[in-house]
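Note sheet for the following structure.
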Amino acid sequence: MYYNEEFETLPRPALEALQLKRLQAAIERVYAHVPFYRDTFNAAGIKPGDMKSLDDLERLPFTTKQNMRDSYPYGLFAVPMEEIVRIHASSGTTGKPTVVGYTRKDIDIWSELMARSFVSAGAGKDDIIHNAYGYGLFTGGLGAHYGAELLGASVIPISGGNTKRQLMIMQDFGSSVLTCTPSYALFMAEEARAEGINFKDLRLKVGIFGAEPWSEAMRDEIEAKLNLDAIDIYGLSEIMGPGVAIECIEAKRGLHIWEDHFIPEIIDPDTGHRVAEGERGELVITTITKQGIPLIRYRTRDITSIIYEPCICGRTHARLTRMSGRSDDMLIIRGVNVFPSQIESILIGIEGVEPHYLLVVDRVENLDTLEVHVEVDERIFSDEIKILQRLAKRIEKEIKDKLGITCSARLVEPRSIQRSEGKSTRVIDRRKL
Amino acid sequence: MKVEQISIFIENKSGRLAKIARILSEGGVNIRALSLADTSDFGILRLIVNDVEKAKSVLKGSGFTVNKTEVVAVEVPDRPGGLSHILNVLDAGQINVEYMYAFGERSGGNAVIVFRFDDTDRAIETLSDSGVHILEGERLYSM
């Protein structure tokens, strides 16, 4: 089943010809309208007319999250604000978010790619889509929502949280497709068991899970506990949001990236050179149809590889293998992106707190947990318990307020956090994915 | 009238108290009184010792976070009503006690109560006015 059979099954030569045409137009557009790109292309000695083949893409410089930060909030937009109809944002490393803007056409394309993704996962018009991705600045909720509506399915915009109510609505409304993070799906399973709800009695048949890394073992567990097909979806707000790539239910092996809108490359994160086909490396994406904020060779920092061999589902679009990590230190905790440096800057902002900290990430009963260890030195030490407890509460509150993550602050003895030559170990990730 | 007490931050894990006791013993420091306040994650060990500076330096040298705090030690007759009387005096004077601990004197029939107040000076004044016997630091360290 396809949503847009013509484009999803376009033979490779035609797909690549379309990519080249769209790439050339995108390069012309950013060169004309985005000073950042004009400057970097000029510095690299490249003119828009130089894009003679898809291989010429490799000559262009990369775009990074830092570039987006430097042009905060709207510096990389390629259209005037009057053409922007939606703004989303994801967390950035300095407390300032990374901002993206969408034109009406961008929203239309995103909706279509999300609708394609739903169909690829086995969903259709008759489905009742229980959308438990968060609605708001985060792209998950609205991205899935618009795709579900375009598809003609019935969407329940329940957003995240209040698991008991989620389960009640799932039972009473007959939800047949679930969209949320994989860890939240497992958390729901635990809650359901406690409530005496058996997923075999529910109508759920498919779950579309993303926004955080997961594994084949987690897929097996989710499928067994929730009695559904678990499908991996990939996206990032910089590129669009959810629906950049998704598995097909036929193969469940690799995520088809919608190549008529995105050109994927896999590079060695250290050298910046492309790796051989099938090898793992960092995913770099060029958006070729986006208007609001087109990105050329954006470094996603996600580690994966590309499969070009034909898929049994009939789609001709290449597949990304399951994301296996990051080429930077970004953590994804309950779907929220966090850089250790963000926590560091919050800690430094609290008087007397030394930047000797350790983040311990774990997964307890299927939910990610974050412990922030802070060393107690003479400046913050008090011989009154309540003052130290107040400090721990303050650290927890500031991290919650600024980053939206619940953590527990733990005060530890000085020099108990390991120092090493150069970069000290700031993060211990105990999650077994 | 004030007594110096040292406080040490310790994580709630096995062997920490033993380590502190060993460091103090190797430094030749004698512990006169101690109290431990704890939470699930950490604790604060409060000590009255015979040599405050020495204790502080050997513990800091071993990487512990150590603070010096001023507390007040009072002597009360070791019999029913001894503590009650003092607390009544403090209550009447509206003095807040942050924490306290007590020990019995080796000789004589008195007990010593160590108090940490939110307003130490006013507490000393109130206690002195009521005739409560406040111990000098030197006396306590060498008890």
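Ligands are numbered from 1 in the order shown, residues from 1 within each chain, and chains are lettered A, B, ... in the order they appear in the structure tokens.
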
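With the cut-off set to 10 Å and only C-alpha atoms counted, chain A residues close to chain B are A:Glu375, A:Val376, A:Asp377, A:Glu378, A:Arg379, A:Ile380, A:Phe381, A:Ser382, A:Asp383, A:Glu384, A:Ile385, A:Lys386, A:Leu388, A:Gln389, A:Ala409, A:Arg410, A:Leu411, A:Val412, A:Glu413, A:Pro414, A:Arg415, A:Ser416.
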
Handout entry: Selection: 8 Å around Pro213 (chain A), only C-alpha atoms, excl. self and same-chain fewer than 3 positions, as a ChimeraX atom specification
Key = /A:210,323-325,332,433

Keeping N, CA and C atoms, export the residues of the selection given above as a PDB file, in the first residue's frame.
ATOM      1  N   GLY A 210       9.113   6.802  17.657  1.00  0.00           N
ATOM      2  CA  GLY A 210      10.319   7.526  17.290  1.00  0.00           C
ATOM      3  C   GLY A 210      10.661   8.582  18.313  1.00  0.00           C
ATOM      4  N   MET A 323      19.087   3.861  13.752  1.00  0.00           N
ATOM      5  CA  MET A 323      20.074   4.805  14.296  1.00  0.00           C
ATOM      6  C   MET A 323      20.775   4.142  15.483  1.00  0.00           C
ATOM      7  N   SER A 324      22.101   4.187  15.476  1.00  0.00           N
ATOM      8  CA  SER A 324      22.799   3.454  16.534  1.00  0.00           C
ATOM      9  C   SER A 324      23.516   4.372  17.502  1.00  0.00           C
ATOM     10  N   GLY A 325      23.325   5.655  17.374  1.00  0.00           N
ATOM     11  CA  GLY A 325      23.991   6.541  18.329  1.00  0.00           C
ATOM     12  C   GLY A 325      24.160   7.917  17.743  1.00  0.00           C
ATOM     13  N   ILE A 332      19.237  11.843  24.526  1.00  0.00           N
ATOM     14  CA  ILE A 332      17.798  11.955  24.327  1.00  0.00           C
ATOM     15  C   ILE A 332      17.149  11.287  25.529  1.00  0.00           C
ATOM     16  N   LEU A 433      20.119  -0.334  25.154  1.00  0.00           N
ATOM     17  CA  LEU A 433      19.198  -0.237  24.020  1.00  0.00           C
ATOM     18  C   LEU A 433      19.456  -1.362  23.028  1.00  0.00           C
TER      19      LEU A 433
END

Exercise for the section: Within 10 Å of Glu53 (chain B), counting only C-alpha atoms, which residues show up once you throw out same-chain ones fewer than 4 positions away? Write them as a ChimeraX atom specification, please. Expected result: /B:4,6,29,49,57-58,68

Problem - Non-local contacts of Tyr3 (chain A) (7 Å; only C-alpha atoms; under 6 positions in same chain excluded) as a ChimeraX atom specification - result: /A:115-116,119

Exercise for the section: Quick one: everything within 12 Å of Pro310 (chain A), counting only C-alpha atoms, minus sequence neighbours fewer than 2 positions away in the same chain. Send it as a VMD selection string. Expected result: chain A and resid 9 to 12 251 253 to 254 256 306 to 308 312 to 319

Using C-alpha atoms, can you export the residues from the last selection as a PDB file, in the first residue's frame?
ATOM      1  CA  THR A   9       7.918   3.823  -6.499  1.00  0.00           C
ATOM      2  CA  LEU A  10       9.665   6.136  -8.968  1.00  0.00           C
ATOM      3  CA  PRO A  11      12.420   4.158 -10.729  1.00  0.00           C
ATOM      4  CA  ARG A  12      15.866   5.206  -9.461  1.00  0.00           C
ATOM      5  CA  ALA A 251       9.995  -5.516   5.606  1.00  0.00           C
ATOM      6  CA  ARG A 253      14.107  -3.539   7.873  1.00  0.00           C
ATOM      7  CA  GLY A 254      15.487  -0.052   7.402  1.00  0.00           C
ATOM      8  CA  HIS A 256      12.754   4.584   3.761  1.00  0.00           C
ATOM      9  CA  ILE A 306      22.193   3.500   3.837  1.00  0.00           C
ATOM     10  CA  ILE A 307      20.801   0.499   1.957  1.00  0.00           C
ATOM     11  CA  TYR A 308      20.028   1.117  -1.731  1.00  0.00           C
ATOM     12  CA  ILE A 312      10.031  -5.999  -0.936  1.00  0.00           C
ATOM     13  CA  CYS A 313       7.464  -3.243  -0.377  1.00  0.00           C
ATOM     14  CA  GLY A 314       8.170  -1.853  -3.836  1.00  0.00           C
ATOM     15  CA  ARG A 315       9.312   1.573  -2.682  1.00  0.00           C
ATOM     16  CA  THR A 316      12.415   2.716  -4.519  1.00  0.00           C
ATOM     17  CA  HIS A 317      13.568   5.121  -1.827  1.00  0.00           C
ATOM     18  CA  ALA A 318      16.763   4.177  -0.008  1.00  0.00           C
ATOM     19  CA  ARG A 319      16.619   2.866   3.544  1.00  0.00           C
TER      20      ARG A 319
END

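Omitting Asp50 (chain A) and its sequence neighbours fewer than 3 positions away, and counting only C-alpha atoms, the residues within 12 Å are Leu20, Leu23, Gln24, Ala25, Ile27, Glu28, Phe41, Asn42, Ala44, Gly45, Ile46, Lys47, Ser53, Leu54, Asp55, Asp56, Leu57, Glu58, Arg59 and Leu60 of chain A.
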
At a cut-off of 10 Å, using only C-alpha atoms, what residues contact Asp270 (chain A)? Leave out same-chain residues fewer than 5 positions from it and give the result as a CSV table (one decimal) with N, CA and C atoms, in the first residue's frame.
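Here's the written file around_24.csv:
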chain,number,residue,atom,x,y,z
A,281,GLY,N,28.1,5.7,9.4
A,281,GLY,CA,28.7,7.0,9.6
A,281,GLY,C,27.6,7.9,10.0
A,282,GLU,N,27.9,9.2,9.9
A,282,GLU,CA,26.9,10.2,10.3
A,282,GLU,C,26.0,10.6,9.1
A,327,SER,N,27.1,11.3,16.9
A,327,SER,CA,28.5,11.6,16.8
A,327,SER,C,28.8,12.8,17.6

Exercise for the section: From the DSSP assignment of the backbone, select every residue of region 132-302 of chain A that is strand (DSSP E), and format the answer as an MDAnalysis selection string. Expected result: chainID A and resid 154:156 177:180 206:209 229:236 241:247 255:257 262:267 281:287 298:302

Would you write out those residues with N, CA and C atoms, as a compact mmCIF listing (two decimals), in the first residue's frame?
# COMPACT_ATOMS: atom_id res chain seq x y z
N SER A 154 -8.95 9.20 11.56
CA SER A 154 -9.49 9.98 12.67
C SER A 154 -8.38 10.13 13.69
N VAL A 155 -8.01 11.38 13.97
CA VAL A 155 -6.88 11.55 14.88
C VAL A 155 -7.35 12.03 16.25
N ILE A 156 -6.84 11.39 17.28
CA ILE A 156 -7.12 11.81 18.66
C ILE A 156 -5.89 12.58 19.14
N VAL A 177 -4.19 2.92 15.99
CA VAL A 177 -2.79 3.23 15.72
C VAL A 177 -2.28 4.11 16.85
N LEU A 178 -1.12 3.76 17.38
CA LEU A 178 -0.55 4.54 18.48
C LEU A 178 0.73 5.23 18.00
N THR A 179 0.85 6.53 18.27
CA THR A 179 2.09 7.22 17.94
C THR A 179 2.64 7.84 19.22
N CYS A 180 3.86 7.45 19.59
CA CYS A 180 4.50 8.01 20.79
C CYS A 180 5.97 7.56 20.80
N VAL A 206 -1.13 -1.13 15.16
CA VAL A 206 0.18 -0.61 14.77
C VAL A 206 0.61 0.48 15.73
N GLY A 207 1.90 0.49 16.04
CA GLY A 207 2.46 1.60 16.81
C GLY A 207 3.58 2.22 16.00
N ILE A 208 3.63 3.54 15.93
CA ILE A 208 4.68 4.23 15.17
C ILE A 208 5.52 4.98 16.20
N PHE A 209 6.74 4.51 16.39
CA PHE A 209 7.54 4.99 17.50
C PHE A 209 8.82 5.67 17.05
N ASP A 229 2.08 -4.20 15.70
CA ASP A 229 3.32 -4.10 14.92
C ASP A 229 3.99 -2.79 15.29
N ALA A 230 5.25 -2.85 15.70
CA ALA A 230 5.97 -1.64 16.09
C ALA A 230 6.85 -1.18 14.95
N ILE A 231 6.63 0.06 14.51
CA ILE A 231 7.33 0.62 13.35
C ILE A 231 8.21 1.78 13.79
N ASP A 232 9.43 1.81 13.27
CA ASP A 232 10.39 2.86 13.62
C ASP A 232 10.24 4.04 12.67
N ILE A 233 10.12 5.24 13.24
CA ILE A 233 10.01 6.45 12.41
C ILE A 233 11.15 7.38 12.79
N TYR A 234 11.63 8.17 11.82
CA TYR A 234 12.75 9.07 12.08
C TYR A 234 12.43 10.46 11.58
N GLY A 235 12.87 11.43 12.32
CA GLY A 235 12.72 12.81 11.87
C GLY A 235 13.45 13.72 12.82
N LEU A 236 13.66 14.94 12.39
CA LEU A 236 14.26 15.94 13.27
C LEU A 236 13.74 17.29 12.83
N GLY A 241 10.71 17.40 10.82
CA GLY A 241 9.96 16.86 11.95
C GLY A 241 9.77 15.38 11.69
N PRO A 242 8.82 14.73 12.35
CA PRO A 242 8.64 13.30 12.10
C PRO A 242 8.22 13.05 10.65
N GLY A 243 8.65 11.89 10.13
CA GLY A 243 8.23 11.56 8.76
C GLY A 243 9.32 11.79 7.73
N VAL A 244 10.55 12.04 8.18
CA VAL A 244 11.66 12.15 7.22
C VAL A 244 11.94 10.75 6.65
N ALA A 245 11.85 9.75 7.53
CA ALA A 245 12.08 8.37 7.11
C ALA A 245 11.25 7.44 7.99
N ILE A 246 10.83 6.33 7.43
CA ILE A 246 10.03 5.37 8.21
C ILE A 246 10.20 3.98 7.63
N GLU A 247 10.04 2.98 8.50
CA GLU A 247 10.06 1.60 8.04
C GLU A 247 8.76 1.29 7.30
N LEU A 255 14.69 2.23 7.34
CA LEU A 255 13.67 3.28 7.24
C LEU A 255 13.81 3.97 5.88
N HIS A 256 12.74 3.90 5.06
CA HIS A 256 12.75 4.58 3.76
C HIS A 256 12.82 6.09 3.99
N ILE A 257 13.82 6.72 3.42
CA ILE A 257 13.89 8.18 3.51
C ILE A 257 13.29 8.74 2.23
N PHE A 262 14.42 14.74 0.19
CA PHE A 262 15.67 14.82 0.95
C PHE A 262 16.76 14.01 0.27
N ILE A 263 17.97 14.54 0.27
CA ILE A 263 19.10 13.75 -0.23
C ILE A 263 19.96 13.34 0.97
N PRO A 264 20.04 12.04 1.24
CA PRO A 264 20.87 11.58 2.37
C PRO A 264 22.29 11.28 1.93
N GLU A 265 23.24 11.53 2.80
CA GLU A 265 24.63 11.11 2.59
C GLU A 265 25.12 10.56 3.91
N ILE A 266 26.07 9.65 3.86
CA ILE A 266 26.67 9.15 5.09
C ILE A 266 28.14 9.53 5.05
N ILE A 267 28.60 10.24 6.08
CA ILE A 267 29.99 10.69 6.10
C ILE A 267 30.72 10.14 7.33
N GLY A 281 28.08 5.65 9.42
CA GLY A 281 28.68 6.97 9.57
C GLY A 281 27.59 7.95 9.97
N GLU A 282 27.93 9.24 9.90
CA GLU A 282 26.95 10.25 10.29
C GLU A 282 26.03 10.60 9.12
N LEU A 283 24.76 10.69 9.42
CA LEU A 283 23.78 11.03 8.40
C LEU A 283 23.80 12.54 8.15
N VAL A 284 23.91 12.89 6.85
CA VAL A 284 23.85 14.29 6.42
C VAL A 284 22.67 14.40 5.48
N ILE A 285 21.82 15.39 5.69
CA ILE A 285 20.63 15.51 4.85
C ILE A 285 20.58 16.88 4.19
N THR A 286 20.25 16.89 2.89
CA THR A 286 19.98 18.14 2.18
C THR A 286 18.50 18.16 1.86
N THR A 287 17.84 19.25 2.24
CA THR A 287 16.41 19.37 1.91
C THR A 287 16.34 19.99 0.52
N TYR A 298 23.03 19.23 5.97
CA TYR A 298 22.90 19.40 7.42
C TYR A 298 23.43 18.16 8.15
N ARG A 299 24.32 18.39 9.07
CA ARG A 299 24.89 17.28 9.84
C ARG A 299 23.95 16.93 10.99
N THR A 300 23.29 15.76 10.86
CA THR A 300 22.29 15.37 11.87
C THR A 300 22.93 14.85 13.15
N ARG A 301 24.19 14.41 13.06
CA ARG A 301 24.90 13.77 14.19
C ARG A 301 24.37 12.37 14.51
N ASP A 302 23.39 11.91 13.77
CA ASP A 302 22.88 10.56 14.00
C ASP A 302 23.71 9.57 13.19
